[in-house]
Amino acid sequence: MPAGQIGIEAANLQLRRRLLAGLRQLALSLWLSGAGMSVVLADNLPATGTGVSLSPDQIGSRLAQCREKTAALKELVEQARAKKLDPAYPLVTVTTLENFVGYALDDLEHDETQRAADQLAALEPMARRTEEQLRSALSGKIRLPAVPRYVTSPITISGPSFLARTIPVTQHTAHNPRPVFFVGYGAFGQVRADVEKFPAYGVNIIQVEFGPSNIFPREGETSDAAIRETLALLDRAAKANVAVNLLISPHYFPQWMLDKYPHMQVKTRGFLKYTLHAPEGQELLRRYLEIIIPPLKNHPALHSICLSNEPIHAEGSESTWADKDWRAWLRQRHGGIAALNAKWGAAYDSFDDVPRPDVYQLPKPMPAWYEFTLFSQEFFARWHRQMADTIHRLAPDLPVHAKAMTYTFFDENDHRFGVNADLFGEFSQINGNDSVNFWSHGLGDWAQGWPGHAKEGREWKPSAPHRTLGRIEGWVSDAKGCDLQRSVKDAPVFNSENHLIRDREMWPIPPEHVRAALWQAAVHGLSATTIWVWERTFDPKSDVAGSIMHRPACVEAVGHTALDLLRLAEEITALQRLKPQVAMLHSTAALVYDGKEHRKGLDKLYEALSFTGLKIGFVTERQLLAGNIPEVPVLLVPNARHLPSQALATLKRYRGKLVLVGDERALKFAEHDKPQEVFAAERLPYKHGETSTKALWEELLRRLPAWQVAPAVAVHDATGKPAWGVAWLTAERNGQRVVNLINYRHEPVTITLSAKGRIVSGLNLFDATPVHGPVVLRPLEPLLLQ
C-alpha cells in the first residue's frame, strides 16, 4: 500500500468539508441547521454553482426512491433479455444501484450523513441515464453492444494475452479461446462474500490470500482449514465464471518459528518481518507450498499464484545470515580481496571485513552500494525462484508472479530493496506488479499524477486537502512500469493491487480517472488487474477508508471499462503487441551514481516521448550485460553518466540511432566510477532542474524526421501544431488502422488526425459513431478509433 495519507478533520460524525474545484471536484459541505443536520448535495456542479440543502431524512427518502427505481430497472433488464438483447452495460449500473443504495442507507444509520449524500449524488443520475438507455434499446432507437464474457475454462498465455473461452456473441468472438482481460477486486472478506455478484458488476477476477501461519498455527501442528475454505471459494467462483488469483503471502509467517529461531528476528522494512537468508525460513516455505499446491493446482477457477506482496529486501545490520550471503557473493564476483580493492579503491584485508551497506540509510554513489544493489537484486530473485521452482515441480503449468511495486524499478533510493524487472521476469510467467495511478486533484500539468511541486509555470495554492500531499504517482509511473516489464519479458502484465484511489482519501474522485487508468494500463500491456480494495469501513483511520467501495460512480466505471476491454480485446491486443520504435536505457549504475538526475531525466523523456505517437520500450543494463544487442531503431540514454564497461561494449555493436540525452559526461564512467572511453553519438542537450518536459518534447519533434521514425497517424491541435499532452498509439489489425488517444491535460483539446498529410476519418469503437474532422478530447476520456 502506498505511503502517506490525507489529513482528516474528524468531528463527532466524521464530517468533512470539501473543496469546490470546477468539474473535477464534487462540492459537498455539511453544516448544522436548527434541530437537524443538512448537507449541500451537488451533482457535477460548476465552480459557481450552489447545492440543495437536504436533511438525513430527505436523503433517506430519496434513497428509498432510488431503490424503487432500481426495481423497475431490473424489470427493464429482463425485458431486454427476453428480446435477445445483451444488457451487460446497463446491468453493471443496475447492480451498482441495487447494492449502493443499501450501503448509503447503512451510512445514514452510522451517522455518515456526508458519505450517504455523496453516494446519492452519484446514484440518482445513474438511474436516470440507465432508464433512458434501456427504454431506447427496447424501442429500437439504440443498440446495446454485445459483450463476449469470460466463462470458466483453461487459461493459457500468448505474448501479452491471457487466452480463454468466452460466450461467443458476434462473428468477431467466434474464435475461442480468445484474448480475455481480467478486471476485478481484492483482497479480503468482502470479495469472498460477493463472488456471485461480480459478473453483474462487469468484472471477472478476484485476489484472495492466506499464508504459512494459517497452515502451521503451532509447532508440530498442520491445519488445512485455509485450503478447504479456498477450495470452497474456488468452487463458487468457477460456477460464477470468476477467476481467482491466490496470494500465498509469505509475510504471514508463524510467530512460533520466530520464537524458536531468534536469529530470524531482524530489523526489516515492508511486509516480510524476518530474515529471508536463514535456511529455516526457506525450508518452512518449501513445506508450506508442498502442502497447499497439490489440492489447489488443478482447480479450473485458479488463475495464477502471486508469490509475494509488495516485496522488498531490507534487513538490518544484525542479520548475520545476510552478511554471510553478501560476502559469499563478493567472493564469487571478485575471486580475491585484492581484485575488490582495486575496483573499489578500498584497502580491506579480507572479505570478512567488507561491511554490508545499511539499507536504513539512503544509498551513496559509490562502488559498494552499486554492488550491494546487484547482490540484493540477485538474492531476492533467487528467494522468489525457490518458491516458483517448488510450485512448478508440483504444478508445471501453474503461472506465478510477484506483486512488485513499480516505483522500486525506477526510484533512485529504492533500488537498494532488490526488486529488478529483468530478474523477476526470469522466474515468472506473468509480469506481476503493484502499481499506482492517482488523480492529481487539479495540481500540476496532468489530470493524473503530480510531481510534488508546481511544474512549468502552472500555479497552485495549497488548500486543506493538498498540504499533506507529497509526490503523487500518476499515469507516467503506471505506463512506464508496464512498458519496462513488457520490454524484458513478453508476457501479460498483472497489477494485482491496483491503487487508483489513495488510502483514506475523503475527497471526490471522478469516475473518468478510474476508467482512464484501467484503459491506458491495458494499452501499455496490462491484461489482468485486481483493484485495491473491495471493502467498506466506518473507521476514518482504516487503510480501506475512502476506498472504491464507497464510490458508486467509480464502481460503475470499472464495470463498463472491463466490458469494453472484453469487447475490444483484439484491438487492444494489437496495440499491446506493437514493437518499440524508440527505447530508453534503464541503468542500475546510473540510478546508484547519478540518482535523481537520471531518474528525473528518464521520467521527463518518457513523458515527452508519450506525446509523439511512437511506441516506447526500454533497454536494460542487464540485457546489455548479457550481450543482447538492441533491435529498436532509436535508443536514447536519459541523463546517465554511468554504465558498466561490458554493457557499453555491447552498446558499441548497436546499429540503430543512439542519442545521448544530457551533457558531455554521458556514459563516461563505468560501474566502479572509473572513466571509460565513449564512442561518438548524437547528443540532445538536457540540464537537470532546467530543461522542462515540454522543451524536451519540442526538441524531439524537431529531430524525429532525421531519425526516420514517425507514427503512422499524426495528431495536431486546433492551431495545426503537434498536440501537447495528448498520448496516442497506432496499430494495424485486419488491414485497418486502430488508433488509441487520450488527453492527460486538465482542459479539453481539439485535435485532427492525419496520415501522409491528409486528414483521416474513422469509427469510434466505443459507441460505433463516425468521426470526421476535428475531435474534442475531454480530459481523461480515452478514444479508440478504427
# chains A, B, ... in the order shown; residues from 1 in each chain; ligands from 1
$ closest_atom_pairs --of "range 511-617 of chain A" --to "range 714-718 of chain A" --cutoff "12 Å" --atoms "only C-alpha atoms" --output "JSON lines"
{"residue": "A:Phe611", "atom": "CA", "partner": "A:Val715", "partner_atom": "CA", "distance": 9.2}
{"residue": "A:Thr612", "atom": "CA", "partner": "A:Ala714", "partner_atom": "CA", "distance": 8.3}
{"residue": "A:Gly613", "atom": "CA", "partner": "A:Ala714", "partner_atom": "CA", "distance": 7.3}
{"residue": "A:Leu614", "atom": "CA", "partner": "A:Ala714", "partner_atom": "CA", "distance": 10.1}
$ residues_around --residues "Ile759 in chain A" --least-positions-apart "3" --cutoff "10 Å" --atoms "only C-alpha atoms" --output "list in words"
Val713, Ala714, Val715, Thr752, Leu753, Ser754, Ala755, Lys756, His772, Gly773 and Pro774 of chain A
$ residues_around --residues "Val619 in chain A" --least-positions-apart "6" --cutoff "9 Å" --atoms "only C-alpha atoms" --output "ChimeraX atom specification"
/A:484,487-488,583-587,630,632,635
$ write_last_selection --atoms "N, CA and C atoms" --output "PDB file, in the first residue's frame"
ATOM      1  N   LEU A 484       8.306  -1.106 -19.212  1.00  0.00           N
ATOM      2  CA  LEU A 484       9.559  -1.746 -18.808  1.00  0.00           C
ATOM      3  C   LEU A 484       9.382  -3.252 -18.698  1.00  0.00           C
ATOM      4  N   SER A 487       9.143  -4.915 -21.913  1.00  0.00           N
ATOM      5  CA  SER A 487      10.399  -4.881 -22.654  1.00  0.00           C
ATOM      6  C   SER A 487      11.357  -5.985 -22.235  1.00  0.00           C
ATOM      7  N   VAL A 488      11.223  -6.464 -20.997  1.00  0.00           N
ATOM      8  CA  VAL A 488      12.148  -7.501 -20.530  1.00  0.00           C
ATOM      9  C   VAL A 488      11.538  -8.890 -20.602  1.00  0.00           C
ATOM     10  N   ALA A 583      13.446   3.497 -27.736  1.00  0.00           N
ATOM     11  CA  ALA A 583      13.635   2.915 -26.403  1.00  0.00           C
ATOM     12  C   ALA A 583      14.532   3.828 -25.579  1.00  0.00           C
ATOM     13  N   MET A 584      14.448   3.653 -24.264  1.00  0.00           N
ATOM     14  CA  MET A 584      15.292   4.375 -23.329  1.00  0.00           C
ATOM     15  C   MET A 584      16.139   3.379 -22.548  1.00  0.00           C
ATOM     16  N   LEU A 585      17.319   3.803 -22.180  1.00  0.00           N
ATOM     17  CA  LEU A 585      18.201   2.961 -21.374  1.00  0.00           C
ATOM     18  C   LEU A 585      17.766   3.010 -19.919  1.00  0.00           C
ATOM     19  N   HIS A 586      17.642   1.844 -19.311  1.00  0.00           N
ATOM     20  CA  HIS A 586      17.375   1.726 -17.880  1.00  0.00           C
ATOM     21  C   HIS A 586      18.635   1.133 -17.244  1.00  0.00           C
ATOM     22  N   SER A 587      19.333   1.928 -16.442  1.00  0.00           N
ATOM     23  CA  SER A 587      20.640   1.532 -15.923  1.00  0.00           C
ATOM     24  C   SER A 587      20.668   1.565 -14.403  1.00  0.00           C
ATOM     25  N   PRO A 630      20.453  -4.287 -28.830  1.00  0.00           N
ATOM     26  CA  PRO A 630      19.097  -3.736 -29.031  1.00  0.00           C
ATOM     27  C   PRO A 630      18.694  -3.771 -30.497  1.00  0.00           C
ATOM     28  N   VAL A 632      15.800  -2.000 -31.465  1.00  0.00           N
ATOM     29  CA  VAL A 632      14.944  -0.839 -31.647  1.00  0.00           C
ATOM     30  C   VAL A 632      15.629   0.178 -32.557  1.00  0.00           C
ATOM     31  N   LEU A 635      17.594   4.545 -29.807  1.00  0.00           N
ATOM     32  CA  LEU A 635      17.838   4.304 -28.391  1.00  0.00           C
ATOM     33  C   LEU A 635      18.355   5.586 -27.756  1.00  0.00           C
TER      34      LEU A 635
END
$ select_by_dssp --residues "range 490-523 of chain A" --states "alpha helix (DSSP H)" --output "list in words"
Pro511, Glu512, His513, Val514, Arg515, Ala516, Ala517, Leu518, Trp519, Gln520, Ala521, Ala522 and Val523 of chain A
$ write_last_selection --atoms "N, CA, C and O atoms" --output "short mmCIF file (atom, residue, chain, number, x, y, z; two decimals), in the first residue's frame"
data_model
loop_
_atom_site.label_atom_id
_atom_site.label_comp_id
_atom_site.auth_asym_id
_atom_site.auth_seq_id
_atom_site.Cartn_x
_atom_site.Cartn_y
_atom_site.Cartn_z
N PRO A 511 -15.08 9.45 -11.86
CA PRO A 511 -15.01 8.12 -12.48
C PRO A 511 -14.17 8.11 -13.76
O PRO A 511 -13.64 7.06 -14.13
N GLU A 512 -14.04 9.26 -14.42
CA GLU A 512 -13.20 9.33 -15.61
C GLU A 512 -11.76 8.94 -15.30
O GLU A 512 -11.07 8.35 -16.14
N HIS A 513 -11.29 9.29 -14.10
CA HIS A 513 -9.93 8.91 -13.71
C HIS A 513 -9.79 7.40 -13.65
O HIS A 513 -8.81 6.82 -14.14
N VAL A 514 -10.76 6.73 -13.03
CA VAL A 514 -10.70 5.27 -12.89
C VAL A 514 -10.72 4.60 -14.25
O VAL A 514 -9.94 3.69 -14.53
N ARG A 515 -11.61 5.06 -15.11
CA ARG A 515 -11.70 4.48 -16.45
C ARG A 515 -10.40 4.67 -17.22
O ARG A 515 -9.88 3.71 -17.82
N ALA A 516 -9.88 5.88 -17.19
CA ALA A 516 -8.66 6.16 -17.95
C ALA A 516 -7.49 5.33 -17.43
O ALA A 516 -6.68 4.83 -18.23
N ALA A 517 -7.38 5.20 -16.12
CA ALA A 517 -6.27 4.44 -15.54
C ALA A 517 -6.32 2.98 -15.99
O ALA A 517 -5.29 2.40 -16.37
N LEU A 518 -7.49 2.37 -15.95
CA LEU A 518 -7.62 0.97 -16.36
C LEU A 518 -7.38 0.81 -17.86
O LEU A 518 -6.65 -0.10 -18.30
N TRP A 519 -7.98 1.67 -18.64
CA TRP A 519 -7.89 1.54 -20.09
C TRP A 519 -6.46 1.73 -20.58
O TRP A 519 -5.94 0.94 -21.36
N GLN A 520 -5.81 2.80 -20.10
CA GLN A 520 -4.47 3.10 -20.58
C GLN A 520 -3.45 2.05 -20.12
O GLN A 520 -2.50 1.74 -20.83
N ALA A 521 -3.63 1.52 -18.92
CA ALA A 521 -2.74 0.44 -18.48
C ALA A 521 -2.85 -0.74 -19.43
O ALA A 521 -1.84 -1.37 -19.77
N ALA A 522 -4.07 -1.05 -19.88
CA ALA A 522 -4.24 -2.16 -20.83
C ALA A 522 -3.53 -1.86 -22.14
O ALA A 522 -2.88 -2.73 -22.73
N VAL A 523 -3.62 -0.63 -22.62
CA VAL A 523 -2.93 -0.25 -23.85
C VAL A 523 -1.42 -0.50 -23.72
O VAL A 523 -0.75 -0.90 -24.67
#
$ closest_residue --among "A:Asp673, A:Glu109, A:Asp767, A:Glu732" --to "Glu571 in chain A" --atoms "only C-alpha atoms"
A:Glu732
$ select_by_dssp --residues "range 38-277 of chain A" --states "strand (DSSP E or B)" --output "ChimeraX atom specification"
/A:38-41,52-54,150,156-158,161-164,166,178-180,182-186,205-209,243-247,268
$ atom_distance --atom1 "CA of Leu76 in chain A" --atom2 "CA of Pro148 in chain A"
21.3 Å
$ residues_around --residues "range 498-504 of chain A" --least-positions-apart "4" --cutoff "7 Å" --atoms "only C-alpha atoms" --output "PyMOL selection string"
chain A and resi 5-6+434-438+514+529-532+540-547
$ closest_residue --among "A:Gln79, A:Gln485, A:Ser223, A:Thr730" --to "Ala574 in chain A" --atoms "only C-alpha atoms"
A:Thr730
$ closest_atom_pairs --of "range 292-319 of chain A" --to "range 363-382 of chain A" --cutoff "9 Å" --atoms "only C-alpha atoms" --output "Markdown table"
| residue | atom | partner | partner_atom | distance |
| --- | --- | --- | --- | --- |
| A:Pro311 | CA | A:Phe380 | CA | 8.9 |
| A:Ile312 | CA | A:Phe380 | CA | 8.2 |
| A:His313 | CA | A:Phe380 | CA | 6.5 |
| A:Ala314 | CA | A:Ser376 | CA | 8.6 |
$ write_last_selection --atoms "C-alpha atoms" --output "compact mmCIF listing (two decimals), in the first residue's frame"
# COMPACT_ATOMS: atom_id res chain seq x y z
CA PRO A 311 8.17 -7.32 -1.82
CA ILE A 312 11.29 -5.51 -0.71
CA HIS A 313 14.54 -6.99 0.59
CA ALA A 314 15.73 -4.82 3.51
$ residues_around --residues "Ala402 in chain A" --least-positions-apart "5" --cutoff "12 Å" --atoms "only C-alpha atoms" --output "ChimeraX atom specification"
/A:245-250,304-312,380-381,383-385,387-388,419-421,423-434,493-497
$ atom_distance --atom1 "CA of Val354 in chain A" --atom2 "CA of Arg327 in chain A"
7.4 Å
$ decode --residues "range 343-389 of chain A" --atoms "N, CA and C atoms" --output "PDB file, in the first residue's frame"
ATOM      1  N   LYS A 343      39.104  -2.433  -7.661  1.00  0.00           N
ATOM      2  CA  LYS A 343      37.921  -1.879  -8.319  1.00  0.00           C
ATOM      3  C   LYS A 343      37.233  -0.826  -7.463  1.00  0.00           C
ATOM      4  N   TRP A 344      37.223  -1.058  -6.159  1.00  0.00           N
ATOM      5  CA  TRP A 344      36.521  -0.136  -5.267  1.00  0.00           C
ATOM      6  C   TRP A 344      37.403   1.028  -4.798  1.00  0.00           C
ATOM      7  N   GLY A 345      38.715   0.895  -4.961  1.00  0.00           N
ATOM      8  CA  GLY A 345      39.602   1.877  -4.360  1.00  0.00           C
ATOM      9  C   GLY A 345      39.631   1.736  -2.852  1.00  0.00           C
ATOM     10  N   ALA A 346      39.572   0.463  -2.364  1.00  0.00           N
ATOM     11  CA  ALA A 346      39.492   0.178  -0.931  1.00  0.00           C
ATOM     12  C   ALA A 346      40.776  -0.504  -0.465  1.00  0.00           C
ATOM     13  N   ALA A 347      40.806  -0.830   0.827  1.00  0.00           N
ATOM     14  CA  ALA A 347      42.003  -1.473   1.396  1.00  0.00           C
ATOM     15  C   ALA A 347      41.605  -2.494   2.451  1.00  0.00           C
ATOM     16  N   TYR A 348      40.652  -3.365   2.113  1.00  0.00           N
ATOM     17  CA  TYR A 348      40.212  -4.389   3.056  1.00  0.00           C
ATOM     18  C   TYR A 348      41.231  -5.532   3.100  1.00  0.00           C
ATOM     19  N   ASP A 349      41.369  -6.142   4.285  1.00  0.00           N
ATOM     20  CA  ASP A 349      42.277  -7.280   4.440  1.00  0.00           C
ATOM     21  C   ASP A 349      41.633  -8.580   3.988  1.00  0.00           C
ATOM     22  N   SER A 350      40.316  -8.685   4.128  1.00  0.00           N
ATOM     23  CA  SER A 350      39.617  -9.903   3.719  1.00  0.00           C
ATOM     24  C   SER A 350      38.163  -9.552   3.434  1.00  0.00           C
ATOM     25  N   PHE A 351      37.451 -10.485   2.803  1.00  0.00           N
ATOM     26  CA  PHE A 351      36.039 -10.262   2.534  1.00  0.00           C
ATOM     27  C   PHE A 351      35.245 -10.132   3.826  1.00  0.00           C
ATOM     28  N   ASP A 352      35.709 -10.764   4.891  1.00  0.00           N
ATOM     29  CA  ASP A 352      35.001 -10.676   6.159  1.00  0.00           C
ATOM     30  C   ASP A 352      35.000  -9.257   6.718  1.00  0.00           C
ATOM     31  N   ASP A 353      35.896  -8.417   6.203  1.00  0.00           N
ATOM     32  CA  ASP A 353      35.955  -7.035   6.675  1.00  0.00           C
ATOM     33  C   ASP A 353      35.038  -6.095   5.897  1.00  0.00           C
ATOM     34  N   VAL A 354      34.456  -6.605   4.813  1.00  0.00           N
ATOM     35  CA  VAL A 354      33.640  -5.729   3.960  1.00  0.00           C
ATOM     36  C   VAL A 354      32.234  -5.625   4.543  1.00  0.00           C
ATOM     37  N   PRO A 355      31.824  -4.458   5.016  1.00  0.00           N
ATOM     38  CA  PRO A 355      30.503  -4.339   5.630  1.00  0.00           C
ATOM     39  C   PRO A 355      29.397  -4.356   4.583  1.00  0.00           C
ATOM     40  N   ARG A 356      28.272  -4.868   4.983  1.00  0.00           N
ATOM     41  CA  ARG A 356      27.080  -4.790   4.139  1.00  0.00           C
ATOM     42  C   ARG A 356      26.463  -3.403   4.317  1.00  0.00           C
ATOM     43  N   PRO A 357      26.224  -2.663   3.236  1.00  0.00           N
ATOM     44  CA  PRO A 357      25.659  -1.321   3.377  1.00  0.00           C
ATOM     45  C   PRO A 357      24.355  -1.322   4.164  1.00  0.00           C
ATOM     46  N   ASP A 358      24.131  -0.267   4.895  1.00  0.00           N
ATOM     47  CA  ASP A 358      22.968  -0.133   5.774  1.00  0.00           C
ATOM     48  C   ASP A 358      21.771   0.334   4.959  1.00  0.00           C
ATOM     49  N   VAL A 359      20.793  -0.559   4.781  1.00  0.00           N
ATOM     50  CA  VAL A 359      19.630  -0.217   3.968  1.00  0.00           C
ATOM     51  C   VAL A 359      18.739   0.812   4.638  1.00  0.00           C
ATOM     52  N   TYR A 360      19.016   1.133   5.892  1.00  0.00           N
ATOM     53  CA  TYR A 360      18.231   2.154   6.582  1.00  0.00           C
ATOM     54  C   TYR A 360      18.820   3.545   6.387  1.00  0.00           C
ATOM     55  N   GLN A 361      19.852   3.624   5.568  1.00  0.00           N
ATOM     56  CA  GLN A 361      20.379   4.899   5.131  1.00  0.00           C
ATOM     57  C   GLN A 361      20.158   5.026   3.624  1.00  0.00           C
ATOM     58  N   LEU A 362      20.086   6.269   3.150  1.00  0.00           N
ATOM     59  CA  LEU A 362      19.952   6.461   1.709  1.00  0.00           C
ATOM     60  C   LEU A 362      21.227   6.007   1.012  1.00  0.00           C
ATOM     61  N   PRO A 363      21.090   5.430  -0.170  1.00  0.00           N
ATOM     62  CA  PRO A 363      22.274   4.937  -0.889  1.00  0.00           C
ATOM     63  C   PRO A 363      23.262   6.059  -1.191  1.00  0.00           C
ATOM     64  N   LYS A 364      24.513   5.686  -1.288  1.00  0.00           N
ATOM     65  CA  LYS A 364      25.576   6.629  -1.628  1.00  0.00           C
ATOM     66  C   LYS A 364      26.148   6.254  -2.992  1.00  0.00           C
ATOM     67  N   PRO A 365      26.578   7.246  -3.778  1.00  0.00           N
ATOM     68  CA  PRO A 365      27.125   6.960  -5.119  1.00  0.00           C
ATOM     69  C   PRO A 365      28.542   6.421  -5.026  1.00  0.00           C
ATOM     70  N   MET A 366      28.653   5.127  -4.742  1.00  0.00           N
ATOM     71  CA  MET A 366      29.964   4.513  -4.554  1.00  0.00           C
ATOM     72  C   MET A 366      29.895   3.039  -4.942  1.00  0.00           C
ATOM     73  N   PRO A 367      31.038   2.412  -5.253  1.00  0.00           N
ATOM     74  CA  PRO A 367      31.038   1.022  -5.726  1.00  0.00           C
ATOM     75  C   PRO A 367      30.374   0.044  -4.766  1.00  0.00           C
ATOM     76  N   ALA A 368      30.560   0.233  -3.458  1.00  0.00           N
ATOM     77  CA  ALA A 368      29.963  -0.707  -2.509  1.00  0.00           C
ATOM     78  C   ALA A 368      28.446  -0.737  -2.650  1.00  0.00           C
ATOM     79  N   TRP A 369      27.839   0.432  -2.824  1.00  0.00           N
ATOM     80  CA  TRP A 369      26.383   0.483  -2.965  1.00  0.00           C
ATOM     81  C   TRP A 369      25.942  -0.107  -4.296  1.00  0.00           C
ATOM     82  N   TYR A 370      26.684   0.128  -5.348  1.00  0.00           N
ATOM     83  CA  TYR A 370      26.315  -0.462  -6.638  1.00  0.00           C
ATOM     84  C   TYR A 370      26.333  -1.987  -6.550  1.00  0.00           C
ATOM     85  N   GLU A 371      27.397  -2.530  -5.991  1.00  0.00           N
ATOM     86  CA  GLU A 371      27.472  -3.994  -5.927  1.00  0.00           C
ATOM     87  C   GLU A 371      26.485  -4.557  -4.918  1.00  0.00           C
ATOM     88  N   PHE A 372      26.219  -3.822  -3.848  1.00  0.00           N
ATOM     89  CA  PHE A 372      25.188  -4.297  -2.916  1.00  0.00           C
ATOM     90  C   PHE A 372      23.828  -4.344  -3.610  1.00  0.00           C
ATOM     91  N   THR A 373      23.541  -3.356  -4.447  1.00  0.00           N
ATOM     92  CA  THR A 373      22.266  -3.359  -5.177  1.00  0.00           C
ATOM     93  C   THR A 373      22.169  -4.593  -6.069  1.00  0.00           C
ATOM     94  N   LEU A 374      23.251  -4.938  -6.767  1.00  0.00           N
ATOM     95  CA  LEU A 374      23.233  -6.146  -7.601  1.00  0.00           C
ATOM     96  C   LEU A 374      23.044  -7.392  -6.746  1.00  0.00           C
ATOM     97  N   PHE A 375      23.756  -7.470  -5.614  1.00  0.00           N
ATOM     98  CA  PHE A 375      23.613  -8.609  -4.707  1.00  0.00           C
ATOM     99  C   PHE A 375      22.172  -8.733  -4.227  1.00  0.00           C
ATOM    100  N   SER A 376      21.598  -7.615  -3.796  1.00  0.00           N
ATOM    101  CA  SER A 376      20.234  -7.647  -3.274  1.00  0.00           C
ATOM    102  C   SER A 376      19.251  -8.091  -4.352  1.00  0.00           C
ATOM    103  N   GLN A 377      19.428  -7.588  -5.570  1.00  0.00           N
ATOM    104  CA  GLN A 377      18.550  -7.989  -6.666  1.00  0.00           C
ATOM    105  C   GLN A 377      18.653  -9.487  -6.951  1.00  0.00           C
ATOM    106  N   GLU A 378      19.873  -9.978  -6.985  1.00  0.00           N
ATOM    107  CA  GLU A 378      20.070 -11.391  -7.337  1.00  0.00           C
ATOM    108  C   GLU A 378      19.623 -12.322  -6.221  1.00  0.00           C
ATOM    109  N   PHE A 379      19.885 -11.936  -4.963  1.00  0.00           N
ATOM    110  CA  PHE A 379      19.403 -12.776  -3.871  1.00  0.00           C
ATOM    111  C   PHE A 379      17.876 -12.809  -3.845  1.00  0.00           C
ATOM    112  N   PHE A 380      17.244 -11.635  -3.959  1.00  0.00           N
ATOM    113  CA  PHE A 380      15.788 -11.567  -3.822  1.00  0.00           C
ATOM    114  C   PHE A 380      15.103 -12.331  -4.951  1.00  0.00           C
ATOM    115  N   ALA A 381      15.661 -12.254  -6.145  1.00  0.00           N
ATOM    116  CA  ALA A 381      15.108 -13.043  -7.254  1.00  0.00           C
ATOM    117  C   ALA A 381      15.284 -14.535  -6.982  1.00  0.00           C
ATOM    118  N   ARG A 382      16.436 -14.923  -6.426  1.00  0.00           N
ATOM    119  CA  ARG A 382      16.668 -16.335  -6.119  1.00  0.00           C
ATOM    120  C   ARG A 382      15.713 -16.828  -5.037  1.00  0.00           C
ATOM    121  N   TRP A 383      15.450 -15.980  -4.032  1.00  0.00           N
ATOM    122  CA  TRP A 383      14.496 -16.354  -2.972  1.00  0.00           C
ATOM    123  C   TRP A 383      13.112 -16.608  -3.562  1.00  0.00           C
ATOM    124  N   HIS A 384      12.675 -15.734  -4.471  1.00  0.00           N
ATOM    125  CA  HIS A 384      11.392 -15.951  -5.137  1.00  0.00           C
ATOM    126  C   HIS A 384      11.442 -17.194  -6.035  1.00  0.00           C
ATOM    127  N   ARG A 385      12.567 -17.386  -6.720  1.00  0.00           N
ATOM    128  CA  ARG A 385      12.673 -18.528  -7.623  1.00  0.00           C
ATOM    129  C   ARG A 385      12.548 -19.849  -6.875  1.00  0.00           C
ATOM    130  N   GLN A 386      13.056 -19.901  -5.651  1.00  0.00           N
ATOM    131  CA  GLN A 386      12.922 -21.135  -4.859  1.00  0.00           C
ATOM    132  C   GLN A 386      11.449 -21.489  -4.693  1.00  0.00           C
ATOM    133  N   MET A 387      10.607 -20.506  -4.412  1.00  0.00           N
ATOM    134  CA  MET A 387       9.172 -20.770  -4.297  1.00  0.00           C
ATOM    135  C   MET A 387       8.585 -21.148  -5.654  1.00  0.00           C
ATOM    136  N   ALA A 388       8.970 -20.408  -6.699  1.00  0.00           N
ATOM    137  CA  ALA A 388       8.448 -20.715  -8.039  1.00  0.00           C
ATOM    138  C   ALA A 388       8.829 -22.121  -8.473  1.00  0.00           C
ATOM    139  N   ASP A 389      10.068 -22.514  -8.207  1.00  0.00           N
ATOM    140  CA  ASP A 389      10.514 -23.854  -8.600  1.00  0.00           C
ATOM    141  C   ASP A 389       9.764 -24.941  -7.844  1.00  0.00           C
TER     142      ASP A 389
END
